[in-house]
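One structure is given here, and the rest of the page talks about it.
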Amino acid sequence: MATAATTTPESLVAEKSYPLRVALLSVLIGIVISTFWSAAFVDTTIGGTVADTLWGPQAREATISGAVAGALYALVTGLAGTFTACNICAFSAIAPLAADKRSAGQTLKPLLYLSAGMIVVAGLYGAIGALVGPSLPQLSETRLGDPENGIRLRSLQSMVVFVSIGVIYILWGLMTLGVMPNPFAGVGARYPWARSVFMGATIGAFLIGRPYGLFRHMFEYAASTQNPFFGALAFILQSLGNIVLMVALFLLLIYGTGGRFERWLHAKPGRVAIVTAAALIVAGTFFATYWGPRLLARNGLFFWPYWDWETYTLLFRAR
């Protein structure tokens, strides 16, 4: 005769502690990634090679002539910057996008909502950037304190933007796990598309702190035109280029696996929340640590572990 399963105090403790373990492991993974991250490899070896292949040799120093060339340059450099430290966290959007079961015809809806949020933020900042131009910290060469070795003003802007987004992702992940209360649960239930729009808005905001050389070159040209419409278009194309590979991977997981990815994701209760939360917390921790303490350490203002890929040693001051 079968007996009803009983819930012991030990099982309750284990059930409550599991989300916390997921959160702590995700934080640890994010810290490890920020420690071993090589900006030279992703910015120059990957990003520079892609840009030089699609645009032509020495894309970083290219002369941009005209709105059409500027728009094309924005799209190409957006694609080239896919894996940079200021954009890699866009891939964390895949799990939230796949969180809800949908019919085949509705799969593209979250992508459209994400794109809408991204386009609004990127376009608005592009228009402002074209009007304000060099007075923005992002285009400034000013250093605080020591004019030779002080931290750049644009680096401070990057730190504020990316650390803020990182904290948002971490809190979002913790609320998804149920580790902390979610004051936006009602909004999410009433407007299920809001999650994708908000995710897109944060991806569009990556441009607000982006220090990537190819992006800054495009930004400088957009600012020189003082045309807010071109600035908005260029920044929108830059953002669209940033998510091309992420979108391709999302569609591959949804359609290319014959539905196996979605079935696996929804096979067990709580798996969607765990995968979504882990992706957000890993991404958020990477942003918060790489653009926070590691950036300060690069300027001699803090100590943070850093893997030197030239000597294969672990240092405690980034460079």
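Going through the structure tokens in order, the chains are called A, B, and so on, while each chain numbers its residues from 1 and the ligands are numbered from 1 in the order shown.
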Mind the document's chain letters and residue numbers, and return as an MDAnalysis selection string the residues of stretch 137-318 of chain A that DSSP labels helix (DSSP H, G or I). chainID A and resid 137:139 153:177 185:190 194:209 213:225 228:256 260:265 271:298
May I have a table of the residues of stretch 129-209 of chain A lying at most 10 Å from stretch 237-258 of chain A, giving each one's closest pair of atoms and their distance in Å to one decimal, counting only C-alpha atoms, ordered by chain and ascending residue number, as JSON lines?
```
{"residue": "A:Gly200", "atom": "CA", "partner": "A:Ser239", "partner_atom": "CA", "distance": 9.8}
{"residue": "A:Ile203", "atom": "CA", "partner": "A:Ser239", "partner_atom": "CA", "distance": 7.7}
{"residue": "A:Gly204", "atom": "CA", "partner": "A:Ser239", "partner_atom": "CA", "distance": 6.3}
{"residue": "A:Ala205", "atom": "CA", "partner": "A:Ser239", "partner_atom": "CA", "distance": 9.3}
{"residue": "A:Phe206", "atom": "CA", "partner": "A:Ser239", "partner_atom": "CA", "distance": 8.6}
{"residue": "A:Leu207", "atom": "CA", "partner": "A:Ser239", "partner_atom": "CA", "distance": 7.7}
```
Closest of A:Ala85, A:Leu295, A:Ile274, A:Ala130 to A:Tyr18, counting only C-alpha atoms, is A:Ile274
Return the single residue from A:Pro228, A:Gly56, A:Pro137, A:Gly173 that is closest to A:Ala278, with distances computed using only C-alpha atoms. A:Gly173
Let me make sure I understand: among A:Asn149, A:Gly126, A:Leu112, A:Ser158, which one has the smallest atom-to-atom distance to A:Arg195 if we use only C-alpha atoms?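 Closest to A:Arg195 of all the choices is A:Leu112.
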Using Å and a single decimal, report how far atom CA of A:Thr49 sits from atom CA of A:Tyr306.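 These two atoms are separated by 24.8 Å.
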Check the smallest atom-to-atom distance from each of A:Met199, A:Val42, A:Leu20, A:Val275 to A:Ala99 using only C-alpha atoms, then report the winner.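 The shortest atom-to-atom distance to A:Ala99 comes from A:Val275.
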List the spatial neighbours of A:His217 as a PDB file with N, CA, C and O atoms, in the first residue's frame - criterion: any atom at most 9 Å away, only C-alpha atoms, same-chain residues fewer than 5 positions off excluded.
```pdb
ATOM      1  N   ARG A  60      39.281  50.880 -36.985  1.00  0.00           N
ATOM      2  CA  ARG A  60      39.302  51.808 -35.851  1.00  0.00           C
ATOM      3  C   ARG A  60      39.677  53.218 -36.285  1.00  0.00           C
ATOM      4  O   ARG A  60      39.224  54.198 -35.674  1.00  0.00           O
ATOM      5  N   GLU A  61      40.471  53.332 -37.349  1.00  0.00           N
ATOM      6  CA  GLU A  61      40.899  54.648 -37.823  1.00  0.00           C
ATOM      7  C   GLU A  61      40.184  55.062 -39.102  1.00  0.00           C
ATOM      8  O   GLU A  61      40.592  56.023 -39.758  1.00  0.00           O
ATOM      9  N   ALA A  62      39.139  54.358 -39.464  1.00  0.00           N
ATOM     10  CA  ALA A  62      38.462  54.612 -40.737  1.00  0.00           C
ATOM     11  C   ALA A  62      37.866  56.015 -40.793  1.00  0.00           C
ATOM     12  O   ALA A  62      37.403  56.555 -39.785  1.00  0.00           O
ATOM     13  N   TYR A 212      34.175  51.092 -25.647  1.00  0.00           N
ATOM     14  CA  TYR A 212      34.779  50.361 -26.766  1.00  0.00           C
ATOM     15  C   TYR A 212      35.246  51.325 -27.844  1.00  0.00           C
ATOM     16  O   TYR A 212      34.503  52.196 -28.294  1.00  0.00           O
ATOM     17  N   ALA A 222      29.065  60.733 -35.093  1.00  0.00           N
ATOM     18  CA  ALA A 222      27.663  61.118 -34.890  1.00  0.00           C
ATOM     19  C   ALA A 222      27.579  62.480 -34.205  1.00  0.00           C
ATOM     20  O   ALA A 222      26.739  63.321 -34.559  1.00  0.00           O
TER      21      ALA A 222
END
```
Closest pair table for stretch 64-90 of chain A residues within 12 Å of stretch 22-39 of chain A, only C-alpha atoms, as CSV:
```
residue,atom,partner,partner_atom,distance
A:Gly81,CA,A:Ala39,CA,11.3
A:Phe83,CA,A:Ala39,CA,9.6
A:Thr84,CA,A:Ala39,CA,7.1
A:Ala85,CA,A:Ala39,CA,7.0
A:Cys86,CA,A:Ala39,CA,10.1
A:Asn87,CA,A:Ala39,CA,12.0
A:Ile88,CA,A:Trp37,CA,11.1
A:Cys89,CA,A:Gly30,CA,10.7
```
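With only C-alpha atoms as the basis for measurement, A:Ser92 is the residue among A:Thr311, A:Ser92, A:Asn182, A:Ser17 that approaches A:Ala283 most closely.
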Atom CA of A:Leu233 and atom CA of A:Ala122, how far apart in Å?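 Straight-line distance from atom CA of A:Ala122 to atom CA of A:Leu233 works out to 8.8 Å.
The nearest approach to A:Gly133 among the residues A:Val272, A:Val187, A:Met218, A:Ala90, with only C-alpha atoms taken into account, belongs to A:Met218.
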Mind checking DSSP for stretch 110-308 of chain A and telling me the strand (DSSP E or B) residues as a list of chain:residue names?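 For stretch 110-308 of chain A, the strand (DSSP E or B) set is A:Arg143, A:Arg152, A:Tyr306, A:Trp307, A:Asp308.
Atom pair atom CA of A:Leu144 / atom CA of A:Gly300: separated by 13.0 Å.
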